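The data block below is query-v4.txt; it holds compact mmCIF, C-alpha atoms.
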```
# COMPACT_ATOMS: atom_id res chain seq x y z
CA MET A 181 152.99 170.33 89.33
CA GLU A 182 149.84 171.75 90.87
CA SER A 183 149.29 175.49 90.44
CA LEU A 184 149.25 177.63 93.57
CA PHE A 185 146.64 179.88 91.97
CA GLU A 186 144.13 177.30 90.69
CA SER A 187 141.58 174.89 92.11
CA GLU A 188 139.11 172.61 90.39
CA HIS A 189 136.83 175.40 89.12
CA LEU A 190 138.59 178.68 89.99
CA LYS A 191 141.82 180.54 89.42
CA MET A 192 143.22 183.59 91.16
CA GLY A 193 144.55 186.44 89.08
CA GLY A 194 144.88 190.12 88.45
CA PHE A 195 142.33 192.73 87.45
CA GLU A 196 141.09 194.34 84.28
CA LEU A 197 139.59 197.36 86.01
CA GLU A 198 138.24 199.13 82.97
CA ASN A 199 136.11 196.17 81.89
CA GLU A 200 135.30 194.52 85.20
CA ALA A 201 134.28 197.51 87.32
CA VAL A 202 130.92 197.64 85.51
CA LEU A 203 130.33 193.96 86.23
CA GLU A 204 131.17 194.27 89.92
CA ALA A 205 128.98 197.36 90.23
CA ALA A 206 126.07 195.29 88.88
CA TRP A 207 126.78 192.66 91.57
CA SER A 208 126.24 195.28 94.27
CA TYR A 209 122.48 194.92 93.64
CA ASP A 210 122.73 191.33 94.92
CA LEU A 211 122.36 191.39 98.72
CA CYS A 212 124.61 188.35 99.16
CA TYR A 213 127.45 190.17 97.42
CA ALA A 214 126.67 193.61 98.82
CA ARG A 215 127.07 192.20 102.34
CA TRP A 216 130.75 191.72 101.50
CA TYR A 217 131.05 195.47 101.99
CA ARG A 218 130.12 194.99 105.65
CA GLY A 219 130.51 197.99 107.87
CA PHE A 220 128.80 200.24 105.36
CA PRO A 221 125.05 200.58 104.82
CA LEU A 222 124.06 198.40 101.87
CA ARG A 223 123.72 200.36 98.67
CA PRO A 224 124.49 199.86 95.01
CA VAL A 225 127.91 201.15 94.00
CA THR A 226 129.02 202.67 90.73
CA ALA A 227 131.71 201.37 88.40
CA PHE A 228 133.77 204.44 89.37
CA GLU A 229 133.56 203.50 93.08
CA VAL A 230 134.52 199.90 92.33
CA LYS A 231 137.48 200.99 90.24
CA LYS A 232 138.62 203.41 92.94
CA ARG A 233 138.38 200.70 95.64
CA HIS A 234 140.46 198.28 93.58
CA GLU A 235 143.02 200.97 92.76
CA GLU A 236 143.39 201.64 96.50
CA LEU A 237 143.85 197.93 97.21
CA LEU A 238 146.39 197.55 94.41
CA LYS A 239 148.26 200.60 95.71
CA ALA A 240 148.30 199.06 99.21
CA MET A 241 149.72 195.86 97.69
CA ARG A 242 152.51 197.75 95.94
CA GLU A 243 153.41 199.94 98.91
CA GLY A 244 153.43 197.33 101.64
CA ASN A 245 153.14 193.68 102.34
CA LYS A 246 149.95 193.57 104.37
CA VAL A 247 147.35 193.08 101.60
CA TYR A 248 147.15 190.42 98.88
CA HIS A 249 144.11 190.95 96.64
CA PHE A 250 143.16 188.66 93.73
CA SER A 251 140.37 188.30 91.24
CA LEU A 252 138.60 184.94 91.07
CA ARG A 253 137.82 183.58 87.62
CA LYS A 254 136.24 180.44 86.29
CA ARG A 255 138.91 178.18 84.83
CA GLU A 256 136.63 177.09 81.99
CA ASP A 257 136.09 180.52 80.42
CA ASN A 258 138.20 183.02 82.44
CA SER A 259 135.08 184.98 83.44
CA LEU A 260 135.24 187.05 86.62
CA VAL A 261 133.15 185.56 89.46
CA GLY A 262 134.52 187.27 92.58
CA PHE A 263 137.52 188.16 94.70
CA VAL A 264 139.72 186.75 97.44
CA ARG A 265 141.89 188.86 99.71
CA ILE A 266 144.31 188.25 102.54
CA ASN A 267 144.71 191.44 104.53
CA ASP A 268 145.79 192.73 107.90
CA VAL A 269 148.91 190.57 107.61
CA PHE A 270 150.85 190.92 110.84
CA TRP A 271 154.28 189.56 109.94
CA LEU A 272 155.73 189.51 113.45
CA HIS A 273 153.20 186.87 114.48
CA ARG A 274 152.50 185.55 110.95
CA LEU A 275 148.75 186.24 111.10
CA GLY A 276 146.31 187.26 108.39
CA ALA A 277 142.61 187.82 107.72
CA LEU A 278 140.90 186.14 104.80
CA GLU A 279 137.98 187.57 102.83
CA ALA A 280 136.26 186.11 99.79
CA ALA A 281 133.22 187.14 97.79
CA ILE A 282 131.43 185.55 94.87
CA GLY A 283 129.39 188.05 92.87
CA ASP A 284 128.37 185.95 89.89
CA PRO A 285 124.91 184.54 90.75
CA ASP A 286 125.63 181.32 88.83
CA SER A 287 128.77 180.71 90.91
CA HIS A 288 127.56 181.17 94.50
CA GLY A 289 128.42 177.53 95.22
CA LEU A 290 132.12 178.29 94.71
CA LEU A 291 132.66 180.23 97.94
CA GLN A 292 134.13 177.18 99.68
CA GLU A 293 136.61 176.79 96.85
CA ALA A 294 137.46 180.52 97.08
CA TYR A 295 138.24 180.21 100.79
CA TRP A 296 140.34 177.11 100.10
CA LEU A 297 142.40 178.98 97.48
CA GLY A 298 142.93 181.86 99.91
CA LEU A 299 144.01 179.50 102.68
CA ARG A 300 146.41 177.68 100.40
CA TYR A 301 148.01 180.96 99.32
CA ALA A 302 148.21 182.18 102.94
CA PHE A 303 149.82 179.01 104.26
CA ASP A 304 151.84 177.71 101.31
CA GLU A 305 153.07 180.99 99.83
CA LEU A 306 152.96 183.60 102.60
CA ASN A 307 153.93 181.02 105.25
CA LEU A 308 151.41 182.40 107.74
CA HIS A 309 150.84 180.66 111.07
CA ARG A 310 147.14 181.56 111.50
CA VAL A 311 144.41 182.79 109.18
CA GLY A 312 141.06 184.12 110.37
CA VAL A 313 137.70 184.92 108.82
CA GLU A 314 135.17 187.25 110.42
CA THR A 315 131.57 186.89 109.27
CA PRO A 316 128.15 187.84 110.60
CA GLY A 317 125.85 184.97 111.47
CA TYR A 318 123.34 185.95 108.77
CA ASP A 319 125.91 185.14 106.07
CA THR A 320 125.15 181.42 106.05
CA ARG A 321 127.10 180.82 102.83
CA SER A 322 130.26 182.14 104.46
CA VAL A 323 129.64 180.19 107.68
CA GLN A 324 129.12 176.96 105.72
CA ALA A 325 132.20 177.61 103.57
CA CYS A 326 134.41 178.26 106.62
CA GLU A 327 133.28 175.04 108.25
CA ALA A 328 133.60 173.06 105.01
CA VAL A 329 137.28 174.00 104.59
CA GLY A 330 138.00 172.96 108.17
CA MET A 331 138.12 176.30 109.97
CA SER A 332 137.16 176.32 113.65
CA LEU A 333 134.68 178.70 115.23
CA GLU A 334 136.84 180.56 117.75
CA VAL A 335 134.77 183.53 118.86
CA ARG A 336 131.09 184.38 118.87
CA GLN A 337 130.40 188.02 119.67
CA ARG A 338 126.75 188.22 120.53
CA ARG A 339 124.49 190.64 118.68
CA MET A 340 127.25 192.60 116.96
CA ALA A 341 125.75 192.96 113.47
CA PHE A 342 122.41 194.58 112.63
CA PHE A 343 120.77 193.32 109.45
CA ALA A 344 117.19 192.68 108.26
CA ASN A 345 115.75 194.39 111.32
CA ARG A 346 117.51 192.21 113.88
CA TYR A 347 120.86 191.70 115.55
CA TRP A 348 123.16 188.81 114.60
CA ASP A 349 126.24 187.33 116.21
CA LEU A 350 129.61 188.16 114.68
CA LEU A 351 131.54 184.92 114.17
CA GLN A 352 135.30 184.57 113.99
CA TYR A 353 136.69 181.43 112.38
CA GLY A 354 140.33 180.48 112.32
CA MET A 355 142.77 177.90 111.06
CA LEU A 356 146.33 177.22 112.13
CA ARG A 357 149.09 176.18 109.77
CA SER A 358 149.38 172.84 111.61
CA GLU A 359 145.67 172.16 110.95
CA TRP A 360 146.13 173.02 107.27
CA ASN A 361 149.14 170.70 107.03
CA GLN A 362 147.28 167.92 108.83
CA SER A 363 144.33 168.15 106.44
CA GLU A 364 146.73 168.63 103.48
CA GLY A 365 144.23 171.19 102.21
CA LYS A 366 141.85 168.43 101.14
CA HIS A 367 138.59 170.08 102.18
CA VAL A 368 137.58 170.99 98.63
```
Would it be possible to restate this file's structure as structure tokens?
Amino acid sequence: MESLFESEHLKMGGFELENEAVLEAAWSYDLCYARWYRGFPLRPVTAFEVKKRHEELLKAMREGNKVYHFSLRKREDNSLVGFVRINDVFWLHRLGALEAAIGDPDSHGLLQEAYWLGLRYAFDELNLHRVGVETPGYDTRSVQACEAVGMSLEVRQRRMAFFANRYWDLLQYGMLRSEWNQSEGKHV
């Protein structure tokens, strides 16, 4: 039987905050990863800040059912490479927002696989009807990953994100459960 939490190269799991906060803090120097913290000015973060953020997310997971936050690890050696999160789950309409980030510079090519894992969890485990991803146009890795897993561009908000001394469109991708079922999740 296929594992819900694993793909060809990645597996979703829990966190070892004491050890991994230092690693994630080091990733914050990488602009590709730091952009994951959109909405805040880019800056390096400390291990303490990383640990606090994850503790808040884990608390939100325990206290409600609107956030599902997982580490992403390489299957081959169990090393931490990033995170995937389904948040803003609106159970009445069965909607959720998907976020994924790859911090390990040697694993940047795995973002598509990270999105695929998140979609599979959202549709096959949480039984959501629709999953969306919001990404600024400058994040070409995220745009390419969304399109590669079969998500559709639904909304383009013009000049909503300021980065690198210019304005970029904010893109909203989405996938419906019926589209996931039709593709049988075979985009990876």
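Comparing A:Gly298, A:Gly289, A:Gly262, A:Gly276 by their smallest distance to A:Trp207, the closest is A:Gly262 (using only C-alpha atoms).
Restricting the calculation to only C-alpha atoms, the smallest distance between A:Leu297 and any of A:Phe263, A:Tyr353, A:Phe342, A:Trp348 is found for A:Phe263.
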(request) Show me as a PyMOL selection string the residues that reach within 7 Å of (142.1, 175.3, 109.0), counting only C-alpha atoms and using the file's own coordinates. (result) chain A and resi 329-332+354-356+359-360
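For the residues A:Tyr209, A:Phe250, A:Tyr318, A:Trp271, ranking by smallest atom-to-atom distance to A:Tyr301 using only C-alpha atoms places A:Phe250 first.
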(request) Work out how far apart atom CA of A:Pro285 and atom CA of A:Asp210 are and give it in Å to one decimal. (result) 8.3 Å
(request) Would you please work out which residue, of A:Val230, A:Val335, A:Leu238, A:Ala344, is nearest to A:Asp319 when using only C-alpha atoms? (result) A:Ala344
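The shortest atom-to-atom distance to A:Asp304, with only C-alpha atoms taken into account, belongs to A:Arg357 out of A:Asp257, A:Arg357, A:Phe270, A:Phe228.
Each of A:Pro316, A:Leu252, A:Leu222, A:Asn199 was checked against A:Glu293 using all atoms listed in the file; the smallest atom-to-atom distance is that of A:Leu252.
In this model, the gap between atom CA of A:Ala302 and atom CA of A:Asn267 comes to 10.0 Å.
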(message) Between atom CA of A:Ala227 and atom CA of A:Ser208, what is the distance in Å, rounded to a tenth?
(response) 10.1 Å
